[in-house]
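Heads up, the thing below is written out as structure tokens.
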2 protein chains.
Amino acid sequence: MESLPKTPAKIGDVAARAGVGVGTVSRVLNGRANVRPLTRAKVLEAIEALQYRPSPVARNLSLRRTHVIGVVVPFFTSHSAVERVRGVASVLAQSPYDLMLFDIEAEERREHAFRIFDRGDRSDGLLLLSLVPPDDEVDRLRSARLPCVLVDAPHPNLPSILIDDVRGGELATSHLIELGHRLIAFVGDKPSDPFRFASSRDRTLGYERALAQAGIERREEYVREGTQSHLVARGIAIDLLRLPQRPTAVFAASDVQALGVLEAARILGIRVPEELSVIGFDDVEVAALVGLTTVRQPLFESGRRGAELLLELLGENPDDRIEPVIEQLPVEVVIRSTTAAPPR
Amino acid sequence: MESLPKTPAKIGDVAARAGVGVGTVSRVLNGRANVRPLTRAKVLEAIEALQYRPSPVARNLSLRRTHVIGVVVPFFTSHSAVERVRGVASVLAQSPYDLMLFDIEAEERREHAFRIFDRGDRSDGLLLLSLVPPDDEVDRLRSARLPCVLVDAPHPNLPSILIDDVRGGELATSHLIELGHRLIAFVGDKPSDPFRFASSRDRTLGYERALAQAGIERREEYVREGTQSHLVARGIAIDLLRLPQRPTAVFAASDVQALGVLEAARILGIRVPEELSVIGFDDVEVAALVGLTTVRQPLFESGRRGAELLLELLGENPDDRIEPVIEQLPVEVVIRSTTAAPPR
DNA sequence: CTCATTTATGGAACCGGCTCCATCCAGTTG
DNA sequence: CAACTGGATGGAGCCGGTTCCATAAATGAG
């Protein structure tokens with residue numbers, strides 16, 4: 001047992017021990033041709049003897065690439081974000097890229113998070129989840145030639161993976177209408193956050209369109225906005241269910257909010273689906289567990305596709321400009337046990 | 001609008017433009033004292049004019065630190081892993097460290113994942129979640145002076161955040177016994193995976209201890225082992241519930257498995273908790289949603305504490321050896337609506 | 001056996017920062 | 001006014017790899 005040197009071996013040490021030049025060691029390390037078998041053997045022996053491992057950081061600097069994909073996500077605590085990150089991780093696991101996660105929970109961290117990528121040499125590519133970057137950042141990314149793909153967020157100059165939120169809202173509402181409902185309420189988000197893509201607003205649009213198509217009048221008091229918190233949604237729903245003319249169905253702009261609505265119903269002793277139908281949006285894993293009818297959007301798949309697209313971009317020659325792709329993933333209603341015909 | 005140079009400015013460019021040396025620029029960048037205000041102003045002007053941003057990678061190499069914490073997690077797809085990662089992320093978000101996520105889903109990736117850290121200069125510290133590193137890797141980490149904290153995994157030479165699984169299993173089983181059950185089955189994991197900490201085995205131990213204390217004989221056919229999949233657990237539970245002497249209660253070693261048991265009961269038309277009590281382990285978020293009684297282990301908190309401990313370690317002088325801490329987080333039974341007195 | 005071509009190899013220069021040390025200079029002191 | 005002092009500054013050298021080019025060795029042709 002020889003004592004380990006306190007400082008790890010570097011490539012020069014290997015070269016010295018093998019009696020060759022650093023260039024040759026590098027060639028062996030990177031499996032380049034044009035190294036005599038005998039020489040290669042000597043180098044490998046030295047590597048083994050010195051327990052040499054190349055330094056990734058030095059490599060990064062020299063090669064000007066890091067083999068890291070940065071994933072930026074607001075509210076990593078949300079189910080849907082986690083699901084998307086899972087999709088990303090599943091793709092990257094098969095690739096030589098590592099995953100750097102930037103959770104920009106707090107508002108103040110956002111600017112910081114974007115700054116991180118200024119220089120662009122910290123990661124080889126960027127995946128922004130549910131996050132619309134400001135225009136100047138987009139310019140900066142481009143001038144840094146840092147490939148970037150958006151998931152669940154639109155931008156004219158960046159490729160993005162999206163779903164048709166309007167259509168999703170329409171499908172959900174139509175499902176309720178087809179069941180015979182006419183008193184249909186909507187629980188959505190406040191479109192306050194400038195960084196957040198206004199998917200809730202588009203879902204509202206779909207809701208209104210479906211109502212219009214069925215010739216149902218939109219009631220102001222049936223459209224409520226809160227936040228993604230299920231507690232807030234619960235509060236809103238309680239208000240809604242205490243209305244003199246109580247709705248027979250609620251379309252919530254997300255499953256989390258739908259869960260809040262379900263809780264509200266339980267609290268008020270209103271039976272679901274006999275007395276109240278509830279439909280959500282997302283098809284988060286919990287939805288299946290509690291039997292929530294919902295509009296399924298492929299969360300995991302969106303992360304997957306985003307990562308795949310980014311990997312493609314990384315393969316391309318950075319000079320032949322690829323026009324921004326917009327890929328739209330399908331949505332569909334998944335009928336479970338929280339929707340039924342209205343009470344008569 | 002001046003045209004941007006295709007290649008980003010480097011520190012030398014700034015120095016040239018400001019008419020100073022690189023050392024001075026570096027001093028300004030790092031907020032060191034001993035720079036004349038006039039000089040500082042010139043440098044800042046040049047930085048602004050050239051849109052200069054320091055390269056993190058070059059900094060990493062030079063400073064020999066990356067400001068990255070590597071988080072290694074098997075089965076990132078599991079609820080509990082995600083919950084722990086959330087805890088980690090919440091701490092790191094407040095720190096100057098970034099989070100690199102290594103998901104080693106596939107068995108073959110494990111060796112790869114450990115190799116990544118060989119050199120240790122890719123991250124400043126390591127957090128291993130639910131993963132027991134092989135001894136030689138532990139030695140390697142130490143000789144690379146790479147601080148490392150284990151969460152949900154024990155190792156004699158490494159600080160770890162744990163829970164008392166034996167006690168947890170005991171609590172769960174005792175809860176059932178106190179309700180009056182005597183026919184109590186157990187659904188756990190197969191202890192096959194060498195990388196995985198045998199927490200399920202310890203929970204079995206607690207189960208057996210509680211039974212023994214109550215003077216209840218352990219029945220071989222009541223103790224079943226499968227995997228973390230809820231489908232597998234469902235299959236096992238169906239077998240269990242078809243036994244001539246059907247158990248009146250089931251303790252599942254994880255919530256995911258408990259959910260499988262609940263499904264099995266639903267399939268067989270067995271009412272919970274009237275005819276069958278079910279208790280899980282973990283208190284995953286879904287547990288609250290479906291009203292599952294369970295043993296709560298602080299998942300989020302474990303990630304939090306792990307990260308905090310690691311950050312402390314990073315602050316220490318690497319030479320004053322810190323003896324491996326073992327921190328044990330509390331467990332408690334959370335009674336919801338899947339357990340009740342047995343049918344009489 | 002000599003000359004022309006490949007093929008292997010050594011090593012300086014470079015990636016882009018930081019640091020330490022020598023130097024310079026203004027302000028004190030005697 | 002010279003010697004001394006300490007703060008400000010420039011820049012070579014280093015962090016640990018890769019790459020390119022000049023050189024050396026091996027191979028092939030005549």
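In the structure tokens, each chain is lettered A, B, ... as it comes, each chain's residues begin at 1, and ligands are numbered from 1 in order of appearance.
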Find the residues of chain C that sit at most 10 Å from chain B; for each, write down the nearest two atoms and how far apart they are in Å, to one decimal. Count only C-alpha atoms (C1' of nucleotides). Sort by chain, then by number going up, and give it as JSON lines.
```
{"residue": "C:DC15", "atom": "C1'", "partner": "B:Ala58", "partner_atom": "CA", "distance": 7.9}
{"residue": "C:DG16", "atom": "C1'", "partner": "B:Ala58", "partner_atom": "CA", "distance": 5.0}
{"residue": "C:DG17", "atom": "C1'", "partner": "B:Ala58", "partner_atom": "CA", "distance": 4.8}
{"residue": "C:DC18", "atom": "C1'", "partner": "B:Ser62", "partner_atom": "CA", "distance": 6.0}
{"residue": "C:DT19", "atom": "C1'", "partner": "B:Gly23", "partner_atom": "CA", "distance": 8.3}
```
Give me, as a PyMOL selection string, all polymer residues having an atom no more than 9 Å from B:Arg86, counting only C-alpha atoms (C1' of nucleotides) and skipping those fewer than 6 positions away in the same chain. (chain A and resi 76-77) or (chain B and resi 300+303-304)
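By chain and then residue number, the residues within 10 Å of B:Val91 are Tyr97, Gly303, Arg304, Arg305, Gly306, Ala307, Glu308 and Leu311 of chain B, counting only C-alpha atoms (C1' of nucleotides) and disregarding those fewer than 6 positions away in sequence.
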Chain A in the frame of chain B after full C-alpha superposition, as a short mmCIF file (atom, residue, chain, number, x, y, z; two decimals) with C-alpha atoms, in the first residue's frame:
```cif
data_model
loop_
_atom_site.label_atom_id
_atom_site.label_comp_id
_atom_site.auth_asym_id
_atom_site.auth_seq_id
_atom_site.Cartn_x
_atom_site.Cartn_y
_atom_site.Cartn_z
CA MET A 1 -25.94 50.68 -31.41
CA GLU A 2 -22.45 49.33 -31.70
CA SER A 3 -22.12 45.87 -33.16
CA LEU A 4 -21.29 43.20 -30.66
CA PRO A 5 -18.00 41.43 -31.08
CA LYS A 6 -18.55 37.78 -31.90
CA THR A 7 -16.19 36.76 -29.13
CA PRO A 8 -17.00 37.89 -25.62
CA ALA A 9 -14.63 40.21 -23.83
CA LYS A 10 -12.12 38.74 -21.46
CA ILE A 11 -10.45 40.31 -18.50
CA GLY A 12 -7.45 41.39 -20.52
CA ASP A 13 -9.67 43.35 -22.90
CA VAL A 14 -11.19 45.18 -19.98
CA ALA A 15 -7.76 45.92 -18.55
CA ALA A 16 -6.55 47.24 -21.89
CA ARG A 17 -9.58 49.43 -22.41
CA ALA A 18 -9.40 50.84 -18.90
CA GLY A 19 -5.66 51.32 -19.22
CA VAL A 20 -4.88 49.24 -16.16
CA GLY A 21 -3.51 45.78 -15.41
CA VAL A 22 -5.51 42.60 -15.16
CA GLY A 23 -4.78 42.38 -11.46
CA THR A 24 -6.57 45.65 -10.90
CA VAL A 25 -9.60 44.53 -12.88
CA SER A 26 -9.71 41.36 -10.84
CA ARG A 27 -9.57 43.39 -7.67
CA VAL A 28 -12.46 45.54 -8.77
CA LEU A 29 -14.48 42.50 -9.78
CA ASN A 30 -14.02 40.88 -6.44
CA GLY A 31 -14.67 44.01 -4.45
CA ARG A 32 -11.22 44.03 -2.93
CA ALA A 33 -10.07 47.11 -1.08
CA ASN A 34 -7.03 49.10 -2.16
CA VAL A 35 -8.27 50.35 -5.46
CA ARG A 36 -8.44 54.07 -5.99
CA PRO A 37 -11.97 55.30 -6.65
CA LEU A 38 -10.88 56.87 -9.92
CA THR A 39 -9.28 53.63 -11.09
CA ARG A 40 -12.31 51.66 -10.06
CA ALA A 41 -14.53 53.98 -12.03
CA LYS A 42 -12.42 53.53 -15.15
CA VAL A 43 -12.59 49.77 -14.82
CA LEU A 44 -16.32 49.77 -14.28
CA GLU A 45 -16.76 51.95 -17.32
CA ALA A 46 -14.75 49.52 -19.43
CA ILE A 47 -16.73 46.56 -18.10
CA GLU A 48 -19.93 48.29 -19.02
CA ALA A 49 -18.72 49.31 -22.45
CA LEU A 50 -17.48 45.85 -23.33
CA GLN A 51 -20.43 44.04 -21.76
CA TYR A 52 -17.88 42.03 -19.89
CA ARG A 53 -18.94 39.06 -17.75
CA PRO A 54 -16.36 36.93 -16.04
CA SER A 55 -16.23 33.31 -17.08
CA PRO A 56 -17.37 31.05 -14.28
CA VAL A 57 -15.42 28.16 -15.72
CA ALA A 58 -12.12 29.99 -15.72
CA ARG A 59 -12.85 31.10 -12.20
CA ASN A 60 -13.55 27.55 -11.17
CA LEU A 61 -10.21 26.39 -12.43
CA SER A 62 -8.31 29.20 -10.87
CA LEU A 63 -10.04 29.18 -7.51
CA ARG A 64 -10.29 25.42 -7.33
CA ARG A 65 -13.92 25.62 -6.36
CA THR A 66 -17.06 25.42 -8.37
CA HIS A 67 -19.87 26.62 -6.14
CA VAL A 68 -21.73 23.51 -7.10
CA ILE A 69 -23.24 20.88 -4.86
CA GLY A 70 -23.73 17.50 -6.46
CA VAL A 71 -26.89 15.71 -5.45
CA VAL A 72 -26.92 12.04 -6.27
CA VAL A 73 -30.23 10.29 -6.16
CA PRO A 74 -31.41 6.92 -7.32
CA PHE A 75 -34.97 6.78 -8.57
CA PHE A 76 -35.60 10.47 -8.90
CA THR A 77 -38.99 9.33 -10.06
CA SER A 78 -40.04 8.38 -6.58
CA HIS A 79 -42.10 10.77 -4.51
CA SER A 80 -39.83 10.58 -1.54
CA ALA A 81 -36.72 11.35 -3.56
CA VAL A 82 -38.37 14.37 -5.10
CA GLU A 83 -39.45 15.59 -1.71
CA ARG A 84 -35.91 15.32 -0.41
CA VAL A 85 -34.47 17.09 -3.42
CA ARG A 86 -36.94 19.87 -2.79
CA GLY A 87 -35.59 20.24 0.70
CA VAL A 88 -32.07 20.42 -0.64
CA ALA A 89 -33.05 22.94 -3.28
CA SER A 90 -34.72 25.14 -0.71
CA VAL A 91 -31.49 25.44 1.24
CA LEU A 92 -29.19 25.86 -1.73
CA ALA A 93 -31.41 28.58 -3.15
CA GLN A 94 -30.41 30.72 -0.19
CA SER A 95 -26.75 29.92 -0.64
CA PRO A 96 -24.22 30.75 -3.32
CA TYR A 97 -24.20 27.12 -4.41
CA ASP A 98 -25.82 25.66 -7.47
CA LEU A 99 -27.38 22.26 -7.63
CA MET A 100 -26.19 19.55 -9.96
CA LEU A 101 -28.56 16.66 -10.08
CA PHE A 102 -27.36 13.16 -10.79
CA ASP A 103 -30.20 10.78 -11.31
CA ILE A 104 -28.86 7.28 -11.34
CA GLU A 105 -32.00 5.52 -12.27
CA ALA A 106 -30.35 2.72 -14.12
CA GLU A 107 -28.18 0.28 -12.33
CA GLU A 108 -25.37 0.71 -14.84
CA ARG A 109 -25.22 4.42 -14.34
CA ARG A 110 -24.26 4.03 -10.71
CA GLU A 111 -20.67 3.23 -11.22
CA HIS A 112 -20.52 6.01 -13.73
CA ALA A 113 -22.04 8.42 -11.27
CA PHE A 114 -19.47 7.69 -8.64
CA ARG A 115 -16.66 7.97 -11.11
CA ILE A 116 -17.81 11.44 -11.90
CA PHE A 117 -16.68 12.57 -8.53
CA ASP A 118 -13.35 10.84 -8.62
CA ARG A 119 -11.47 13.95 -9.16
CA GLY A 120 -13.80 15.85 -6.94
CA ASP A 121 -13.28 19.15 -8.65
CA ARG A 122 -16.59 19.16 -10.39
CA SER A 123 -18.49 20.00 -7.27
CA ASP A 124 -17.52 21.39 -3.92
CA GLY A 125 -19.59 18.92 -1.99
CA LEU A 126 -21.78 15.89 -2.38
CA LEU A 127 -25.15 14.91 -1.06
CA LEU A 128 -26.11 11.28 -1.49
CA LEU A 129 -29.79 10.55 -1.08
CA SER A 130 -30.95 7.05 -0.18
CA LEU A 131 -27.73 5.66 -1.46
CA VAL A 132 -24.94 3.84 0.32
CA PRO A 133 -21.60 4.42 -1.38
CA PRO A 134 -19.18 1.50 -1.60
CA ASP A 135 -16.27 1.71 0.82
CA ASP A 136 -13.64 2.38 -1.79
CA GLU A 137 -15.63 5.33 -3.04
CA VAL A 138 -15.81 6.69 0.46
CA ASP A 139 -12.03 6.49 0.72
CA ARG A 140 -11.70 8.24 -2.57
CA LEU A 141 -14.03 11.01 -1.51
CA ARG A 142 -12.02 11.52 1.61
CA SER A 143 -8.69 11.58 -0.13
CA ALA A 144 -10.13 14.05 -2.60
CA ARG A 145 -11.26 16.06 0.44
CA LEU A 146 -14.70 16.27 -0.99
CA PRO A 147 -17.20 16.88 1.78
CA CYS A 148 -20.10 14.50 1.60
CA VAL A 149 -23.29 14.00 3.57
CA LEU A 150 -25.61 11.03 3.38
CA VAL A 151 -29.36 11.35 3.64
CA ASP A 152 -31.42 8.28 4.31
CA ALA A 153 -28.36 6.07 4.18
CA PRO A 154 -25.85 5.09 6.83
CA HIS A 155 -22.09 4.82 6.64
CA PRO A 156 -19.65 4.60 9.53
CA ASN A 157 -17.29 7.18 8.08
CA LEU A 158 -19.72 9.73 6.74
CA PRO A 159 -22.12 12.10 8.43
CA SER A 160 -25.68 11.07 7.81
CA ILE A 161 -29.24 12.17 8.31
CA LEU A 162 -31.40 9.24 9.23
CA ILE A 163 -34.62 8.20 10.81
CA ASP A 164 -35.17 5.36 13.22
CA ASP A 165 -36.81 2.87 10.90
CA VAL A 166 -37.13 0.22 13.55
CA ARG A 167 -39.01 2.60 15.79
CA GLY A 168 -41.15 3.72 12.86
CA GLY A 169 -42.15 0.15 12.11
CA GLU A 170 -42.88 -0.35 15.75
CA LEU A 171 -45.05 2.75 15.97
CA ALA A 172 -47.07 1.76 12.94
CA THR A 173 -47.66 -1.74 14.18
CA SER A 174 -48.44 -0.58 17.71
CA HIS A 175 -51.01 1.83 16.37
CA LEU A 176 -52.80 -1.08 14.71
CA ILE A 177 -52.49 -3.22 17.81
CA GLU A 178 -53.91 -0.47 19.98
CA LEU A 179 -56.90 -0.30 17.67
CA GLY A 180 -57.46 -3.94 18.49
CA HIS A 181 -55.94 -5.66 15.49
CA ARG A 182 -54.19 -8.98 15.87
CA LEU A 183 -54.12 -10.16 12.26
CA ILE A 184 -51.57 -7.70 10.91
CA ALA A 185 -49.77 -8.21 7.63
CA PHE A 186 -46.65 -6.50 6.35
CA VAL A 187 -45.79 -5.48 2.79
CA GLY A 188 -42.17 -4.47 2.26
CA ASP A 189 -39.27 -4.36 -0.19
CA LYS A 190 -37.00 -7.11 -1.24
CA PRO A 191 -33.63 -6.24 0.24
CA SER A 192 -31.85 -7.08 -2.98
CA ASP A 193 -30.26 -3.86 -3.99
CA PRO A 194 -26.81 -3.50 -2.46
CA PHE A 195 -26.76 0.25 -3.02
CA ARG A 196 -29.99 0.78 -1.25
CA PHE A 197 -30.16 1.19 2.43
CA ALA A 198 -32.18 -1.61 4.00
CA SER A 199 -34.74 0.67 5.59
CA SER A 200 -37.52 -1.72 4.75
CA ARG A 201 -35.75 -4.45 6.66
CA ASP A 202 -35.51 -2.26 9.73
CA ARG A 203 -39.19 -1.48 9.46
CA THR A 204 -39.88 -5.18 9.38
CA LEU A 205 -37.82 -5.47 12.52
CA GLY A 206 -39.97 -2.85 14.22
CA TYR A 207 -43.06 -4.69 13.05
CA GLU A 208 -41.83 -7.90 14.59
CA ARG A 209 -40.79 -6.22 17.79
CA ALA A 210 -44.21 -4.64 18.27
CA LEU A 211 -45.92 -7.95 17.62
CA ALA A 212 -43.66 -9.69 20.11
CA GLN A 213 -44.31 -7.06 22.73
CA ALA A 214 -48.04 -7.54 22.36
CA GLY A 215 -47.61 -11.28 22.51
CA ILE A 216 -48.88 -11.75 18.97
CA GLU A 217 -47.35 -14.53 16.97
CA ARG A 218 -45.70 -13.60 13.70
CA ARG A 219 -47.28 -15.47 10.78
CA GLU A 220 -44.97 -16.27 7.93
CA GLU A 221 -47.69 -15.86 5.32
CA TYR A 222 -48.41 -12.33 6.52
CA VAL A 223 -44.96 -10.98 5.68
CA ARG A 224 -44.52 -10.24 1.99
CA GLU A 225 -41.82 -8.56 0.02
CA GLY A 226 -41.95 -6.89 -3.37
CA THR A 227 -40.63 -3.67 -4.84
CA GLN A 228 -41.42 0.00 -4.48
CA SER A 229 -43.90 -0.21 -7.32
CA HIS A 230 -47.49 0.27 -6.27
CA LEU A 231 -48.55 -2.23 -8.90
CA VAL A 232 -46.40 -4.94 -7.37
CA ALA A 233 -47.73 -4.05 -3.95
CA ARG A 234 -51.25 -4.29 -5.30
CA GLY A 235 -50.60 -7.77 -6.54
CA ILE A 236 -49.11 -8.84 -3.26
CA ALA A 237 -52.00 -7.34 -1.35
CA ILE A 238 -54.54 -9.17 -3.46
CA ASP A 239 -52.85 -12.43 -2.53
CA LEU A 240 -52.81 -11.38 1.07
CA LEU A 241 -56.48 -10.45 1.14
CA ARG A 242 -57.47 -13.76 -0.39
CA LEU A 243 -55.85 -15.73 2.37
CA PRO A 244 -58.23 -18.06 4.20
CA GLN A 245 -57.50 -16.14 7.37
CA ARG A 246 -57.61 -12.65 5.94
CA PRO A 247 -55.60 -9.99 7.85
CA THR A 248 -57.62 -7.13 9.29
CA ALA A 249 -54.78 -4.70 8.91
CA VAL A 250 -51.79 -4.11 6.65
CA PHE A 251 -48.67 -2.16 7.39
CA ALA A 252 -46.92 -1.16 4.17
CA ALA A 253 -43.28 -0.16 4.27
CA SER A 254 -44.00 2.88 2.11
CA ASP A 255 -46.92 5.04 1.13
CA VAL A 256 -46.61 4.05 -2.48
CA GLN A 257 -47.04 0.46 -1.48
CA ALA A 258 -49.89 1.39 0.84
CA LEU A 259 -51.65 2.95 -2.13
CA GLY A 260 -51.29 -0.35 -3.91
CA VAL A 261 -52.89 -2.07 -0.95
CA LEU A 262 -55.77 0.39 -1.01
CA GLU A 263 -56.29 -0.31 -4.68
CA ALA A 264 -56.31 -4.03 -3.98
CA ALA A 265 -58.98 -3.54 -1.37
CA ARG A 266 -61.06 -1.48 -3.76
CA ILE A 267 -60.73 -4.13 -6.43
CA LEU A 268 -61.80 -6.85 -4.04
CA GLY A 269 -64.63 -4.75 -2.68
CA ILE A 270 -63.18 -4.64 0.80
CA ARG A 271 -64.09 -1.47 2.63
CA VAL A 272 -61.36 0.63 4.26
CA PRO A 273 -61.21 1.17 7.19
CA GLU A 274 -64.32 -0.76 8.17
CA GLU A 275 -63.06 -4.13 7.01
CA LEU A 276 -59.40 -3.42 6.55
CA SER A 277 -57.01 -0.95 8.12
CA VAL A 278 -54.02 0.25 6.12
CA ILE A 279 -51.05 2.21 7.39
CA GLY A 280 -48.18 3.43 5.25
CA PHE A 281 -44.78 4.94 5.79
CA ASP A 282 -43.29 8.27 4.62
CA ASP A 283 -46.19 10.69 4.58
CA VAL A 284 -45.71 11.57 0.98
CA GLU A 285 -47.89 14.45 -0.16
CA VAL A 286 -50.45 12.14 -1.69
CA ALA A 287 -51.01 10.47 1.63
CA ALA A 288 -52.77 13.55 2.97
CA LEU A 289 -54.84 13.78 -0.18
CA VAL A 290 -56.19 10.28 -0.01
CA GLY A 291 -56.46 10.32 3.76
CA LEU A 292 -53.92 7.59 4.32
CA THR A 293 -52.85 6.93 7.89
CA THR A 294 -49.09 6.71 7.86
CA VAL A 295 -45.82 7.07 9.71
CA ARG A 296 -44.56 10.48 8.89
CA GLN A 297 -40.87 10.80 8.21
CA PRO A 298 -39.70 14.30 7.46
CA LEU A 299 -38.66 13.91 3.84
CA PHE A 300 -38.37 17.54 2.91
CA GLU A 301 -36.72 18.22 6.22
CA SER A 302 -34.15 15.48 5.66
CA GLY A 303 -33.02 17.13 2.44
CA ARG A 304 -32.94 20.46 4.20
CA ARG A 305 -30.85 19.21 7.07
CA GLY A 306 -28.53 17.31 4.80
CA ALA A 307 -27.88 20.42 2.76
CA GLU A 308 -27.42 22.54 5.85
CA LEU A 309 -24.96 20.09 7.31
CA LEU A 310 -23.02 19.97 4.07
CA LEU A 311 -22.89 23.75 3.95
CA GLU A 312 -21.51 23.77 7.47
CA LEU A 313 -18.87 21.29 6.45
CA LEU A 314 -17.93 23.47 3.53
CA GLY A 315 -17.45 26.35 5.88
CA GLU A 316 -15.11 24.43 8.15
CA ASN A 317 -11.42 24.17 7.73
CA PRO A 318 -11.01 20.94 5.81
CA ASP A 319 -8.15 19.95 8.09
CA ASP A 320 -9.83 19.83 11.45
CA ARG A 321 -11.49 16.51 11.01
CA ILE A 322 -15.12 16.53 12.00
CA GLU A 323 -16.26 13.24 13.35
CA PRO A 324 -19.14 11.81 11.38
CA VAL A 325 -22.39 13.09 12.81
CA ILE A 326 -25.44 10.94 12.74
CA GLU A 327 -28.56 12.97 13.01
CA GLN A 328 -31.79 11.19 13.62
CA LEU A 329 -34.98 12.89 12.59
CA PRO A 330 -38.20 12.11 14.43
CA VAL A 331 -40.98 9.89 13.11
CA GLU A 332 -44.58 9.94 14.20
CA VAL A 333 -47.85 8.29 13.31
CA VAL A 334 -50.26 10.52 11.43
CA ILE A 335 -53.73 9.16 11.90
CA ARG A 336 -56.08 9.76 9.02
CA SER A 337 -58.94 7.71 7.73
CA THR A 338 -57.57 4.36 6.61
CA THR A 339 -57.21 2.85 10.06
CA ALA A 340 -59.91 1.94 12.55
CA ALA A 341 -60.83 -0.85 14.93
CA PRO A 342 -61.09 -4.27 13.29
CA PRO A 343 -64.48 -5.69 12.33
CA ARG A 344 -65.88 -7.75 15.20
#
```
With the cut-off set at 9 Å and counting only C-alpha atoms (C1' of nucleotides), tabulate each residue of chain D with an atom at most that distance from an atom of chain A, showing the nearest atom pair and its distance in Å to one decimal, ordered by chain and increasing number, as JSON lines.
```
{"residue": "D:DC15", "atom": "C1'", "partner": "A:Ala58", "partner_atom": "CA", "distance": 7.9}
{"residue": "D:DG16", "atom": "C1'", "partner": "A:Ala58", "partner_atom": "CA", "distance": 4.9}
{"residue": "D:DG17", "atom": "C1'", "partner": "A:Ala58", "partner_atom": "CA", "distance": 4.8}
{"residue": "D:DT18", "atom": "C1'", "partner": "A:Ser62", "partner_atom": "CA", "distance": 6.0}
{"residue": "D:DT19", "atom": "C1'", "partner": "A:Gly23", "partner_atom": "CA", "distance": 8.4}
```
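For the atom pair formed by atom C1' of C:DT5 and atom C1' of D:DA29, the distance is 9.7 Å, given to one decimal.
The list of residues with at least one atom within 12 Å of C:DT23, based on only C-alpha atoms (C1' of nucleotides) and without residues fewer than 5 positions apart in the same chain, reads DA8, DT9, DG10 and DG11 of chain D.
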Convert the current residue selection to file output with C-alpha atoms (C1' of nucleotides), as a compact mmCIF listing (two decimals), in the first residue's frame.
```
# COMPACT_ATOMS: atom_id res chain seq x y z
C1' DA D 8 -1.75 50.98 -5.41
C1' DT D 9 -0.52 48.68 -9.49
C1' DG D 10 1.33 45.66 -13.45
C1' DG D 11 2.04 41.31 -15.03
```
If you count only C-alpha atoms (C1' of nucleotides), which residues fall within 12 Å of C:DG27, apart from same-chain ones fewer than 5 positions away, as a list in words? DC4, DT5, DG6 and DG7 of chain D
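Residues with any atom within 12 Å of D:DG28, counting only C-alpha atoms (C1' of nucleotides) and excluding same-chain neighbours fewer than 6 positions away, are DT2, DC3, DA4, DT5 and DT6 of chain C.
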Output file for the residues above (N, CA and C atoms (P, O5', C5', C4', C3', O3' and C1' of nucleotides), as an mmCIF file, in the first residue's frame):
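The result, stored in out.cif:
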```
data_model
loop_
_atom_site.group_PDB
_atom_site.id
_atom_site.type_symbol
_atom_site.label_atom_id
_atom_site.label_comp_id
_atom_site.auth_asym_id
_atom_site.auth_seq_id
_atom_site.Cartn_x
_atom_site.Cartn_y
_atom_site.Cartn_z
ATOM 1 P P DT C 2 22.906 5.258 -47.710
ATOM 2 O "O5'" DT C 2 21.950 6.136 -48.629
ATOM 3 C "C5'" DT C 2 22.204 6.230 -50.034
ATOM 4 C "C4'" DT C 2 21.074 7.007 -50.667
ATOM 5 C "C3'" DT C 2 20.625 8.228 -49.861
ATOM 6 O "O3'" DT C 2 20.377 9.304 -50.754
ATOM 7 C "C1'" DT C 2 18.792 6.733 -50.126
ATOM 8 P P DC C 3 19.905 10.740 -50.204
ATOM 9 O "O5'" DC C 3 18.372 10.821 -50.631
ATOM 10 C "C5'" DC C 3 17.992 10.507 -51.970
ATOM 11 C "C4'" DC C 3 16.476 10.520 -52.070
ATOM 12 C "C3'" DC C 3 15.817 11.720 -51.372
ATOM 13 O "O3'" DC C 3 14.757 12.187 -52.186
ATOM 14 C "C1'" DC C 3 14.994 9.722 -50.423
ATOM 15 P P DA C 4 13.810 13.383 -51.706
ATOM 16 O "O5'" DA C 4 12.400 12.657 -51.532
ATOM 17 C "C5'" DA C 4 11.922 11.810 -52.582
ATOM 18 C "C4'" DA C 4 10.590 11.205 -52.166
ATOM 19 C "C3'" DA C 4 9.572 12.210 -51.614
ATOM 20 O "O3'" DA C 4 8.282 11.817 -52.050
ATOM 21 C "C1'" DA C 4 10.085 10.621 -49.935
ATOM 22 P P DT C 5 7.004 12.801 -51.961
ATOM 23 O "O5'" DT C 5 6.048 12.107 -50.893
ATOM 24 C "C5'" DT C 5 6.630 11.217 -49.987
ATOM 25 C "C4'" DT C 5 5.612 10.223 -49.448
ATOM 26 C "C3'" DT C 5 4.444 10.843 -48.677
ATOM 27 O "O3'" DT C 5 3.378 9.917 -48.631
ATOM 28 C "C1'" DT C 5 6.006 9.895 -47.148
ATOM 29 P P DT C 6 1.819 10.499 -48.586
ATOM 30 O "O5'" DT C 6 1.301 10.028 -47.161
ATOM 31 C "C5'" DT C 6 2.196 10.064 -46.063
ATOM 32 C "C4'" DT C 6 2.141 8.725 -45.331
ATOM 33 C "C3'" DT C 6 1.223 8.762 -44.112
ATOM 34 O "O3'" DT C 6 0.738 7.475 -43.825
ATOM 35 C "C1'" DT C 6 3.513 8.700 -43.426
#
```
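For the pair atom C1' of D:DA3 and atom C1' of C:DA22, the separation is 19.7 Å.
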